[in-house]
>>> print(open('protein-v4.cif').read())   # mmCIF, C-alpha atoms and all ligand atoms
data_start
#
loop_
_atom_site.group_PDB
_atom_site.id
_atom_site.type_symbol
_atom_site.label_atom_id
_atom_site.label_comp_id
_atom_site.auth_asym_id
_atom_site.auth_seq_id
_atom_site.Cartn_x
_atom_site.Cartn_y
_atom_site.Cartn_z
ATOM 1 C CA MET B 1288 -54.014 -74.401 19.542
ATOM 2 C CA SER B 1289 -52.057 -74.129 22.791
ATOM 3 C CA GLU B 1290 -48.283 -74.194 22.802
ATOM 4 C CA ILE B 1291 -48.245 -77.467 24.696
ATOM 5 C CA ALA B 1292 -50.495 -79.122 22.146
ATOM 6 C CA SER B 1293 -48.424 -78.075 19.146
ATOM 7 C CA GLU B 1294 -45.033 -78.799 20.693
ATOM 8 C CA GLY B 1295 -43.707 -82.265 19.864
ATOM 9 C CA ASN B 1296 -47.218 -83.515 19.319
ATOM 10 C CA GLU B 1297 -46.421 -86.658 17.410
ATOM 11 C CA THR B 1298 -48.759 -89.225 15.920
ATOM 12 C CA ARG B 1299 -49.367 -92.092 18.325
ATOM 13 C CA ILE B 1300 -52.135 -94.058 16.682
ATOM 14 C CA GLU B 1301 -52.646 -94.688 13.019
ATOM 15 C CA ILE B 1302 -55.792 -96.282 11.641
ATOM 16 C CA SER B 1303 -55.365 -97.195 7.978
ATOM 17 C CA GLY B 1304 -58.085 -98.518 5.716
ATOM 18 C CA VAL B 1305 -59.850 -100.206 8.603
ATOM 19 C CA GLY B 1306 -63.107 -102.075 8.176
ATOM 20 C CA LYS B 1307 -65.045 -104.311 10.514
ATOM 21 C CA ARG B 1308 -67.603 -106.989 9.736
ATOM 22 C CA TYR B 1309 -69.679 -109.132 12.053
ATOM 23 C CA GLY B 1310 -70.652 -111.979 9.733
ATOM 24 C CA ASN B 1311 -72.535 -110.311 6.884
ATOM 25 C CA LEU B 1312 -72.879 -106.982 8.648
ATOM 26 C CA GLN B 1313 -70.254 -104.472 7.522
ATOM 27 C CA VAL B 1314 -70.236 -101.989 10.418
ATOM 28 C CA PHE B 1315 -67.653 -99.537 9.071
ATOM 29 C CA LYS B 1316 -65.268 -99.454 6.152
ATOM 30 C CA ASP B 1317 -62.200 -97.627 4.959
ATOM 31 C CA VAL B 1318 -61.636 -95.707 8.193
ATOM 32 C CA ASN B 1319 -58.456 -93.618 8.133
ATOM 33 C CA LEU B 1320 -57.559 -91.633 11.248
ATOM 34 C CA THR B 1321 -54.528 -90.528 13.213
ATOM 35 C CA PHE B 1322 -54.381 -89.552 16.872
ATOM 36 C CA ASN B 1323 -51.617 -87.446 18.353
ATOM 37 C CA GLU B 1324 -49.643 -87.628 21.542
ATOM 38 C CA ARG B 1325 -51.481 -85.020 23.557
ATOM 39 C CA GLU B 1326 -54.936 -84.458 22.241
ATOM 40 C CA ILE B 1327 -58.524 -85.252 22.892
ATOM 41 C CA VAL B 1328 -60.318 -86.557 19.847
ATOM 42 C CA THR B 1329 -64.034 -87.083 20.168
ATOM 43 C CA ILE B 1330 -65.875 -89.472 17.901
ATOM 44 C CA VAL B 1331 -69.544 -88.801 17.343
ATOM 45 C CA GLY B 1332 -72.058 -90.756 15.322
ATOM 46 C CA PRO B 1333 -75.514 -92.274 15.591
ATOM 47 C CA SER B 1334 -76.258 -95.312 17.706
ATOM 48 C CA GLY B 1335 -75.150 -98.493 15.987
ATOM 49 C CA CYS B 1336 -72.619 -96.843 13.656
ATOM 50 C CA GLY B 1337 -69.793 -98.797 15.268
ATOM 51 C CA LYS B 1338 -68.243 -96.442 17.844
ATOM 52 C CA THR B 1339 -67.877 -99.113 20.520
ATOM 53 C CA THR B 1340 -66.634 -101.583 17.933
ATOM 54 C CA LEU B 1341 -63.955 -99.148 16.768
ATOM 55 C CA LEU B 1342 -62.737 -98.526 20.344
ATOM 56 C CA ARG B 1343 -62.565 -102.274 20.971
ATOM 57 C CA CYS B 1344 -60.479 -102.668 17.833
ATOM 58 C CA ILE B 1345 -58.101 -99.917 19.021
ATOM 59 C CA ASP B 1346 -57.935 -101.612 22.434
ATOM 60 C CA GLY B 1347 -56.975 -104.880 20.740
ATOM 61 C CA LEU B 1348 -60.041 -106.672 22.114
ATOM 62 C CA LEU B 1349 -61.490 -107.249 18.636
ATOM 63 C CA PRO B 1350 -59.650 -108.019 15.393
ATOM 64 C CA VAL B 1351 -60.253 -105.690 12.437
ATOM 65 C CA SER B 1352 -61.600 -107.244 9.223
ATOM 66 C CA GLU B 1353 -59.619 -105.007 6.859
ATOM 67 C CA GLY B 1354 -56.709 -102.604 7.225
ATOM 68 C CA THR B 1355 -54.441 -102.024 10.222
ATOM 69 C CA ILE B 1356 -54.358 -100.140 13.506
ATOM 70 C CA ALA B 1357 -50.911 -99.257 14.820
ATOM 71 C CA ILE B 1358 -49.874 -97.682 18.104
ATOM 72 C CA ASP B 1359 -46.369 -96.213 18.118
ATOM 73 C CA GLY B 1360 -45.717 -98.005 14.855
ATOM 74 C CA GLN B 1361 -46.727 -101.437 16.136
ATOM 75 C CA THR B 1362 -49.748 -103.155 14.635
ATOM 76 C CA ILE B 1363 -52.322 -104.018 17.280
ATOM 77 C CA THR B 1364 -53.253 -107.685 17.549
ATOM 78 C CA GLU B 1365 -54.058 -107.890 21.267
ATOM 79 C CA PRO B 1366 -54.526 -105.564 24.269
ATOM 80 C CA ARG B 1367 -51.327 -103.730 25.125
ATOM 81 C CA GLU B 1368 -49.801 -101.935 28.048
ATOM 82 C CA GLY B 1369 -50.404 -98.208 28.220
ATOM 83 C CA VAL B 1370 -53.910 -98.369 26.760
ATOM 84 C CA SER B 1371 -56.881 -98.160 29.139
ATOM 85 C CA MET B 1372 -60.608 -98.106 28.548
ATOM 86 C CA VAL B 1373 -63.492 -96.569 30.480
ATOM 87 C CA PHE B 1374 -66.795 -98.301 29.740
ATOM 88 C CA GLN B 1375 -70.259 -96.868 29.273
ATOM 89 C CA HIS B 1376 -71.794 -99.045 31.979
ATOM 90 C CA PHE B 1377 -68.909 -98.527 34.399
ATOM 91 C CA GLY B 1378 -67.682 -102.139 34.235
ATOM 92 C CA LEU B 1379 -67.132 -102.363 37.993
ATOM 93 C CA PHE B 1380 -67.085 -105.589 39.979
ATOM 94 C CA PRO B 1381 -70.136 -105.435 42.272
ATOM 95 C CA TRP B 1382 -68.461 -107.652 44.877
ATOM 96 C CA LYS B 1383 -65.368 -105.471 45.163
ATOM 97 C CA THR B 1384 -65.064 -102.216 47.111
ATOM 98 C CA VAL B 1385 -63.997 -98.947 45.481
ATOM 99 C CA ARG B 1386 -60.446 -99.571 46.688
ATOM 100 C CA HIS B 1387 -60.293 -102.991 45.067
ATOM 101 C CA ASN B 1388 -62.033 -101.873 41.893
ATOM 102 C CA VAL B 1389 -59.568 -99.001 41.483
ATOM 103 C CA GLY B 1390 -56.611 -101.302 42.155
ATOM 104 C CA TYR B 1391 -57.875 -104.116 39.940
ATOM 105 C CA GLY B 1392 -55.970 -103.250 36.775
ATOM 106 C CA LEU B 1393 -52.736 -102.680 38.671
ATOM 107 C CA LYS B 1394 -53.083 -106.002 40.457
ATOM 108 C CA LEU B 1395 -53.837 -107.775 37.193
ATOM 109 C CA ALA B 1396 -50.738 -106.194 35.665
ATOM 110 C CA GLY B 1397 -48.680 -107.594 38.556
ATOM 111 C CA ALA B 1398 -47.844 -104.251 40.181
ATOM 112 C CA PRO B 1399 -46.122 -104.602 43.582
ATOM 113 C CA LYS B 1400 -48.236 -103.962 46.679
ATOM 114 C CA THR B 1401 -46.278 -100.807 47.540
ATOM 115 C CA GLU B 1402 -47.187 -99.324 44.171
ATOM 116 C CA ILE B 1403 -50.851 -100.283 44.529
ATOM 117 C CA ASP B 1404 -50.938 -98.818 48.061
ATOM 118 C CA GLU B 1405 -49.571 -95.556 46.731
ATOM 119 C CA LYS B 1406 -51.552 -95.180 43.510
ATOM 120 C CA VAL B 1407 -54.996 -96.330 44.628
ATOM 121 C CA PRO B 1408 -55.495 -93.584 47.249
ATOM 122 C CA TYR B 1409 -53.983 -90.976 44.918
ATOM 123 C CA TYR B 1410 -56.352 -91.695 42.015
ATOM 124 C CA THR B 1411 -59.335 -92.301 44.307
ATOM 125 C CA LYS B 1412 -58.805 -88.813 45.684
ATOM 126 C CA LEU B 1413 -58.177 -87.305 42.241
ATOM 127 C CA VAL B 1414 -61.622 -88.370 41.053
ATOM 128 C CA GLY B 1415 -63.253 -87.150 44.270
ATOM 129 C CA LEU B 1416 -63.990 -90.508 45.908
ATOM 130 C CA GLU B 1417 -61.919 -90.000 49.034
ATOM 131 C CA GLY B 1418 -63.844 -91.433 51.987
ATOM 132 C CA PHE B 1419 -65.642 -93.991 49.807
ATOM 133 C CA GLU B 1420 -62.770 -96.489 49.579
ATOM 134 C CA ASP B 1421 -64.720 -99.185 51.439
ATOM 135 C CA SER B 1422 -68.042 -98.663 49.648
ATOM 136 C CA TYR B 1423 -69.435 -101.152 47.168
ATOM 137 C CA PRO B 1424 -70.694 -100.024 43.742
ATOM 138 C CA TYR B 1425 -74.371 -100.504 44.750
ATOM 139 C CA GLN B 1426 -73.843 -97.930 47.503
ATOM 140 C CA LEU B 1427 -72.713 -95.291 44.976
ATOM 141 C CA SER B 1428 -74.625 -93.052 42.574
ATOM 142 C CA GLY B 1429 -74.079 -93.540 38.825
ATOM 143 C CA GLY B 1430 -71.749 -90.539 38.728
ATOM 144 C CA MET B 1431 -69.669 -91.943 41.587
ATOM 145 C CA GLN B 1432 -69.532 -95.353 39.959
ATOM 146 C CA GLN B 1433 -68.150 -93.754 36.825
ATOM 147 C CA ARG B 1434 -65.617 -91.800 38.914
ATOM 148 C CA CYS B 1435 -64.503 -95.203 40.178
ATOM 149 C CA GLY B 1436 -64.246 -96.566 36.618
ATOM 150 C CA LEU B 1437 -62.210 -93.521 35.671
ATOM 151 C CA ALA B 1438 -59.875 -93.919 38.679
ATOM 152 C CA ARG B 1439 -59.280 -97.538 37.745
ATOM 153 C CA ALA B 1440 -58.271 -96.532 34.217
ATOM 154 C CA LEU B 1441 -56.141 -93.562 35.384
ATOM 155 C CA ALA B 1442 -54.337 -95.679 37.998
ATOM 156 C CA MET B 1443 -52.738 -97.554 35.105
ATOM 157 C CA GLU B 1444 -51.224 -94.204 34.046
ATOM 158 C CA PRO B 1445 -52.110 -94.914 30.437
ATOM 159 C CA SER B 1446 -50.660 -93.019 27.517
ATOM 160 C CA VAL B 1447 -53.834 -93.791 25.564
ATOM 161 C CA LEU B 1448 -57.195 -93.462 27.264
ATOM 162 C CA LEU B 1449 -60.250 -94.813 25.439
ATOM 163 C CA MET B 1450 -63.613 -93.631 26.681
ATOM 164 C CA ASP B 1451 -66.847 -95.221 25.490
ATOM 165 C CA GLU B 1452 -69.728 -92.827 26.201
ATOM 166 C CA PRO B 1453 -68.524 -92.613 29.798
ATOM 167 C CA PHE B 1454 -71.166 -90.142 30.934
ATOM 168 C CA ALA B 1455 -74.156 -91.461 28.969
ATOM 169 C CA ALA B 1456 -75.664 -93.200 31.991
ATOM 170 C CA VAL B 1457 -75.492 -90.298 34.477
ATOM 171 C CA ASP B 1458 -77.896 -87.384 34.928
ATOM 172 C CA ALA B 1459 -77.355 -84.121 33.050
ATOM 173 C CA GLN B 1460 -75.911 -82.065 35.914
ATOM 174 C CA THR B 1461 -73.525 -84.808 37.011
ATOM 175 C CA ARG B 1462 -72.509 -85.250 33.419
ATOM 176 C CA GLU B 1463 -71.512 -81.608 33.124
ATOM 177 C CA ILE B 1464 -69.526 -81.742 36.364
ATOM 178 C CA LEU B 1465 -67.712 -84.879 35.218
ATOM 179 C CA GLN B 1466 -66.937 -83.404 31.785
ATOM 180 C CA PHE B 1467 -65.117 -80.416 33.260
ATOM 181 C CA GLU B 1468 -63.400 -82.501 35.942
ATOM 182 C CA LEU B 1469 -62.147 -84.891 33.294
ATOM 183 C CA LEU B 1470 -60.774 -81.990 31.212
ATOM 184 C CA ASN B 1471 -59.041 -80.708 34.318
ATOM 185 C CA ILE B 1472 -57.517 -84.110 35.130
ATOM 186 C CA TRP B 1473 -56.401 -84.448 31.518
ATOM 187 C CA SER B 1474 -54.689 -81.049 31.590
ATOM 188 C CA MET B 1475 -52.602 -82.174 34.594
ATOM 189 C CA ARG B 1476 -51.321 -85.152 32.640
ATOM 190 C CA PRO B 1477 -52.172 -84.863 28.952
ATOM 191 C CA MET B 1478 -52.317 -88.101 26.995
ATOM 192 C CA THR B 1479 -53.983 -89.379 23.836
ATOM 193 C CA MET B 1480 -57.656 -89.507 24.671
ATOM 194 C CA ILE B 1481 -60.254 -90.930 22.312
ATOM 195 C CA PHE B 1482 -63.665 -90.058 23.599
ATOM 196 C CA VAL B 1483 -66.707 -91.647 21.992
ATOM 197 C CA THR B 1484 -70.117 -90.084 22.435
ATOM 198 C CA HIS B 1485 -73.457 -89.827 20.699
ATOM 199 C CA SER B 1486 -73.887 -86.324 22.141
ATOM 200 C CA ILE B 1487 -72.967 -83.617 19.649
ATOM 201 C CA GLU B 1488 -72.553 -81.022 22.409
ATOM 202 C CA GLU B 1489 -70.258 -83.278 24.389
ATOM 203 C CA ALA B 1490 -68.189 -83.994 21.287
ATOM 204 C CA VAL B 1491 -67.647 -80.289 20.590
ATOM 205 C CA LEU B 1492 -67.106 -79.371 24.240
ATOM 206 C CA MET B 1493 -64.492 -82.058 24.941
ATOM 207 C CA GLY B 1494 -62.633 -82.427 21.668
ATOM 208 C CA ASP B 1495 -59.574 -80.762 20.174
ATOM 209 C CA ARG B 1496 -60.867 -82.478 17.057
ATOM 210 C CA VAL B 1497 -64.237 -84.029 16.366
ATOM 211 C CA VAL B 1498 -64.539 -87.047 14.087
ATOM 212 C CA VAL B 1499 -68.009 -87.461 12.593
ATOM 213 C CA LEU B 1500 -68.955 -90.998 11.546
ATOM 214 C CA ARG B 1501 -71.758 -91.379 9.055
ATOM 215 C CA GLY B 1502 -73.291 -93.830 6.625
ATOM 216 C CA ARG B 1503 -74.103 -97.518 6.540
ATOM 217 C CA PRO B 1504 -71.585 -99.025 6.641
ATOM 218 C CA SER B 1505 -70.182 -96.003 8.398
ATOM 219 C CA SER B 1506 -67.004 -94.204 7.572
ATOM 220 C CA VAL B 1507 -65.310 -90.941 8.549
ATOM 221 C CA PHE B 1508 -67.490 -88.200 7.102
ATOM 222 C CA GLU B 1509 -65.668 -85.204 8.522
ATOM 223 C CA ILE B 1510 -62.864 -84.234 10.912
ATOM 224 C CA ILE B 1511 -63.336 -80.853 12.555
ATOM 225 C CA ASP B 1512 -60.654 -78.745 14.254
ATOM 226 C CA VAL B 1513 -62.534 -77.322 17.190
ATOM 227 C CA ASN B 1514 -60.235 -74.419 18.088
ATOM 228 C CA LEU B 1515 -62.169 -73.246 21.119
ATOM 229 C CA PRO B 1516 -60.224 -71.345 23.777
ATOM 230 C CA ALA B 1517 -58.707 -73.303 26.681
ATOM 231 C CA PRO B 1518 -59.541 -74.054 29.372
ATOM 232 C CA ARG B 1519 -62.986 -75.247 28.397
ATOM 233 C CA ASP B 1520 -65.508 -74.382 31.060
ATOM 234 C CA ARG B 1521 -69.160 -73.386 31.340
ATOM 235 C CA SER B 1522 -68.472 -70.200 29.381
ATOM 236 C CA THR B 1523 -67.437 -72.369 26.421
ATOM 237 C CA LEU B 1524 -71.079 -73.427 26.111
ATOM 238 C CA SER B 1525 -72.083 -69.874 25.193
ATOM 239 C CA HIS B 1526 -69.123 -69.201 22.884
ATOM 240 C CA PRO B 1527 -70.341 -68.374 19.338
ATOM 241 C CA ARG B 1528 -67.978 -70.938 17.839
ATOM 242 C CA PHE B 1529 -69.413 -73.618 20.112
ATOM 243 C CA SER B 1530 -72.933 -72.972 18.765
ATOM 244 C CA GLU B 1531 -71.654 -72.781 15.210
ATOM 245 C CA LEU B 1532 -69.909 -76.169 15.449
ATOM 246 C CA ARG B 1533 -72.812 -77.775 17.285
ATOM 247 C CA GLU B 1534 -75.233 -76.667 14.558
ATOM 248 C CA HIS B 1535 -72.833 -77.787 11.851
ATOM 249 C CA VAL B 1536 -72.468 -81.315 13.252
ATOM 250 C CA TRP B 1537 -76.167 -81.443 14.042
ATOM 251 C CA GLY B 1538 -76.994 -80.641 10.410
ATOM 252 C CA THR B 1539 -74.643 -83.363 9.195
ATOM 253 C CA LEU B 1540 -76.126 -86.042 11.412
ATOM 254 C CA MET B 1541 -79.741 -84.945 10.884
ATOM 255 C CA ASP B 1542 -79.383 -85.386 7.116
ATOM 256 C CA GLU B 1543 -78.486 -88.948 7.798
ATOM 257 C CA ALA B 1544 -81.236 -89.526 10.335
ATOM 258 C CA ARG B 1545 -83.795 -88.233 7.793
ATOM 259 C CA ALA B 1546 -82.406 -90.450 5.043
ATOM 260 C CA ALA B 1547 -82.615 -93.446 7.397
ATOM 261 C CA GLU B 1548 -86.220 -92.612 8.223
ATOM 262 C CA PHE B 1549 -87.173 -92.582 4.546
ATOM 263 C CA GLU B 1550 -85.418 -95.889 4.020
ATOM 264 C CA LEU B 1551 -87.453 -97.418 6.835
ATOM 265 C CA ASN B 1552 -90.668 -96.059 5.343
HETATM 266 N N1 LIG K 1 -70.575 -108.943 18.859
HETATM 267 C C1 LIG K 1 -71.385 -108.539 17.880
HETATM 268 N N2 LIG K 1 -71.896 -109.414 16.988
HETATM 269 C C2 LIG K 1 -72.700 -109.019 15.975
HETATM 270 N N3 LIG K 1 -73.068 -107.726 15.766
HETATM 271 C C3 LIG K 1 -72.602 -106.813 16.617
HETATM 272 C C4 LIG K 1 -71.746 -107.163 17.720
HETATM 273 N N4 LIG K 1 -71.437 -106.013 18.399
HETATM 274 C C5 LIG K 1 -72.069 -105.016 17.749
HETATM 275 N N5 LIG K 1 -72.775 -105.486 16.695
HETATM 276 C C6 LIG K 1 -73.539 -104.668 15.741
HETATM 277 O O1 LIG K 1 -72.628 -103.789 15.115
HETATM 278 C C7 LIG K 1 -73.190 -102.490 14.946
HETATM 279 C C8 LIG K 1 -72.323 -101.458 15.644
HETATM 280 O O2 LIG K 1 -72.396 -101.661 17.056
HETATM 281 P P1 LIG K 1 -71.638 -100.724 18.075
HETATM 282 O O3 LIG K 1 -70.196 -100.735 17.782
HETATM 283 O O4 LIG K 1 -72.050 -101.157 19.437
HETATM 284 O O5 LIG K 1 -72.242 -99.275 17.720
HETATM 285 P P2 LIG K 1 -72.294 -97.935 18.596
HETATM 286 O O6 LIG K 1 -71.344 -98.078 19.716
HETATM 287 O O7 LIG K 1 -71.938 -96.844 17.631
HETATM 288 O O8 LIG K 1 -73.712 -97.783 19.058
HETATM 289 C C9 LIG K 1 -74.614 -102.592 15.477
HETATM 290 O O9 LIG K 1 -75.472 -102.840 14.398
HETATM 291 C C10 LIG K 1 -74.565 -103.780 16.410
HETATM 292 O O10 LIG K 1 -75.814 -104.385 16.507
HETATM 293 MG MG MG K 2 -71.594 -97.953 21.782
#
>>> encode(input="protein-v4.cif", output="structure tokens")
Amino acid sequence: MSEIASEGNETRIEISGVGKRYGNLQVFKDVNLTFNEREIVTIVGPSGCGKTTLLRCIDGLLPVSEGTIAIDGQTITEPREGVSMVFQHFGLFPWKTVRHNVGYGLKLAGAPKTEIDEKVPYYTKLVGLEGFEDSYPYQLSGGMQQRCGLARALAMEPSVLLMDEPFAAVDAQTREILQFELLNIWSMRPMTMIFVTHSIEEAVLMGDRVVVLRGRPSSVFEIIDVNLPAPRDRSTLSHPRFSELREHVWGTLMDEARAAEFELN
């Protein structure tokens, strides 16, 4: 672990005994997790295990059915300042330009125009969209649309960034570029990042810790300390520990997929 990560790295988010039901469907139960001040925790699990639901609960958009989620000691009951989310399907307004999409959260939060005029160009440039300020989402590739979604979240200068499979809808090469760019942006201003994915490789590549969700209802099956050297880059993908962890998580999730197949039969 790097010096920065271990120094004063206090718990920010505490999930205690959390369960979520939609009517009769118990999606997850008895989830206990903590997230620290400056770390990237990836959450991996099969489709439908409740990853999006869990992020929405942390964001305060959905109430939990059991247990509590607290940020900085305060139980979450509604969305709060300092927490931003990046959505799987970009969540951009098609009728707004890049500039206005990036500035949307700031405007909604009542930021003064001077602040918006300063932050929007800064974050637009940071994500590599300089020159596209007046473009509409339909004029952008999927990767660029997600850069825009990321800039909108970063412009809020969140201390907690929630990412829901942010790169699932972009092609493989773009995805890899965005993964490393995001790690680079994070290292300039480390925060608590919770990154949900169904990709085992992405979970191991991006995470300081990987949380594996499993079961129906799902629950935390394992928490893995990744301990891969920083900075993570393309060479990480051929690191022996990377392969070891990927195979380990793969084995865990395949057991479950096989069990599910037998149940269906
Ligand atoms: N608003 C909802 N009402 C009822 N069921 C839902 C709702 N949202 C999600 N679900 C169900 O809850 C389960 C978990 O969904 P979700 O959190 O989207 O999983 P994941 O993100 O891991 O794919 C799924 O079975 C899904 O169909
Ligand atoms: Mg989801």
>>> resolve_selection(input="protein-v4.cif", expression="the PyMOL selection byres (((chain B and resi 1338-1340) around 9) and not hetatm)", output="number ranges by chain")
B: 1307, 1314, 1330-1337, 1341-1345, 1349, 1451-1452, 1483-1485, 1500
>>> closest_residue(input="protein-v4.cif", among="B:Leu1449, B:Ile1302, B:Ala1546, B:Ala1455", to="Val1328 of chain B", atoms="all atoms listed in the file")
B:Leu1449
>>> resolve_selection(input="protein-v4.cif", expression="the PyMOL selection byres (((chain B and resi 1365-1373) around 9) and not hetatm)", output="PyMOL selection string")
chain B and resi 1342-1350+1363-1364+1374-1378+1396+1433+1436-1437+1439-1441+1443-1453
>>> atom_distance(input="protein-v4.cif", atom1="atom CA of Leu1427 of chain B", atom2="atom CA of Glu1489 of chain B")
24.0 Å
>>> residues_around(input="protein-v4.cif", residues="Trp1382 of chain B", least_positions_apart="6", cutoff="10 Å", atoms="all atoms listed in the file", output="NGL selection string")
:B and (1388 or 1423-1425)
>>> resolve_selection(input="protein-v4.cif", expression="the PyMOL selection byres (((chain B and resi 1494) around 10) and not hetatm)", output="ChimeraX atom specification")
/B:1326-1330,1470,1480-1482,1489-1493,1495-1498,1511-1515,1519
>>> write_last_selection(input="protein-v4.cif", atoms="C-alpha atoms", output="PDB file, in the coordinates of the input")
ATOM      1  CA  GLU B1326     -54.936 -84.458  22.241  1.00  0.00           C
ATOM      2  CA  ILE B1327     -58.524 -85.252  22.892  1.00  0.00           C
ATOM      3  CA  VAL B1328     -60.318 -86.557  19.847  1.00  0.00           C
ATOM      4  CA  THR B1329     -64.034 -87.083  20.168  1.00  0.00           C
ATOM      5  CA  ILE B1330     -65.875 -89.472  17.901  1.00  0.00           C
ATOM      6  CA  LEU B1470     -60.774 -81.990  31.212  1.00  0.00           C
ATOM      7  CA  MET B1480     -57.656 -89.507  24.671  1.00  0.00           C
ATOM      8  CA  ILE B1481     -60.254 -90.930  22.312  1.00  0.00           C
ATOM      9  CA  PHE B1482     -63.665 -90.058  23.599  1.00  0.00           C
ATOM     10  CA  GLU B1489     -70.258 -83.278  24.389  1.00  0.00           C
ATOM     11  CA  ALA B1490     -68.189 -83.994  21.287  1.00  0.00           C
ATOM     12  CA  VAL B1491     -67.647 -80.289  20.590  1.00  0.00           C
ATOM     13  CA  LEU B1492     -67.106 -79.371  24.240  1.00  0.00           C
ATOM     14  CA  MET B1493     -64.492 -82.058  24.941  1.00  0.00           C
ATOM     15  CA  ASP B1495     -59.574 -80.762  20.174  1.00  0.00           C
ATOM     16  CA  ARG B1496     -60.867 -82.478  17.057  1.00  0.00           C
ATOM     17  CA  VAL B1497     -64.237 -84.029  16.366  1.00  0.00           C
ATOM     18  CA  VAL B1498     -64.539 -87.047  14.087  1.00  0.00           C
ATOM     19  CA  ILE B1511     -63.336 -80.853  12.555  1.00  0.00           C
ATOM     20  CA  ASP B1512     -60.654 -78.745  14.254  1.00  0.00           C
ATOM     21  CA  VAL B1513     -62.534 -77.322  17.190  1.00  0.00           C
ATOM     22  CA  ASN B1514     -60.235 -74.419  18.088  1.00  0.00           C
ATOM     23  CA  LEU B1515     -62.169 -73.246  21.119  1.00  0.00           C
ATOM     24  CA  ARG B1519     -62.986 -75.247  28.397  1.00  0.00           C
TER      25      ARG B1519
END
>>> closest_residue(input="protein-v4.cif", among="B:Ile1472, B:Val1499, B:Ile1358, B:Ala1459", to="Gly1429 of chain B", atoms="all atoms listed in the file")
B:Ala1459
>>> closest_residue(input="protein-v4.cif", among="B:Pro1504, B:Asp1458, B:Trp1473, B:Gly1430", to="ligand LIG 1 (chain K)", atoms="only C-alpha atoms and all ligand atoms")
B:Pro1504
>>> decode(input="protein-v4.cif", residues="segment 1297-1321 of chain B", atoms="C-alpha atoms", output="short mmCIF file (atom, residue, chain, number, x, y, z; two decimals), in the first residue's frame")
data_model
loop_
_atom_site.label_atom_id
_atom_site.label_comp_id
_atom_site.auth_asym_id
_atom_site.auth_seq_id
_atom_site.Cartn_x
_atom_site.Cartn_y
_atom_site.Cartn_z
CA GLU B 1297 -10.08 7.06 7.81
CA THR B 1298 -13.38 5.28 7.32
CA ARG B 1299 -15.85 7.44 5.43
CA ILE B 1300 -18.71 5.10 4.70
CA GLU B 1301 -20.07 2.38 6.90
CA ILE B 1302 -22.63 -0.14 5.69
CA SER B 1303 -24.02 -2.17 8.58
CA GLY B 1304 -26.36 -5.12 8.27
CA VAL B 1305 -27.92 -3.71 5.12
CA GLY B 1306 -30.61 -5.54 3.20
CA LYS B 1307 -32.83 -4.47 0.34
CA ARG B 1308 -36.16 -5.86 -0.78
CA TYR B 1309 -38.34 -4.92 -3.72
CA GLY B 1310 -41.69 -6.33 -2.63
CA ASN B 1311 -41.08 -10.04 -2.14
CA LEU B 1312 -37.69 -10.02 -3.84
CA GLN B 1313 -34.83 -9.88 -1.34
CA VAL B 1314 -31.96 -8.58 -3.50
CA PHE B 1315 -29.20 -8.60 -0.88
CA LYS B 1316 -29.01 -9.15 2.85
CA ASP B 1317 -26.70 -8.56 5.76
CA VAL B 1318 -24.17 -6.50 3.80
CA ASN B 1319 -21.38 -5.12 5.99
CA LEU B 1320 -18.72 -2.95 4.36
CA THR B 1321 -16.56 0.05 5.11
#
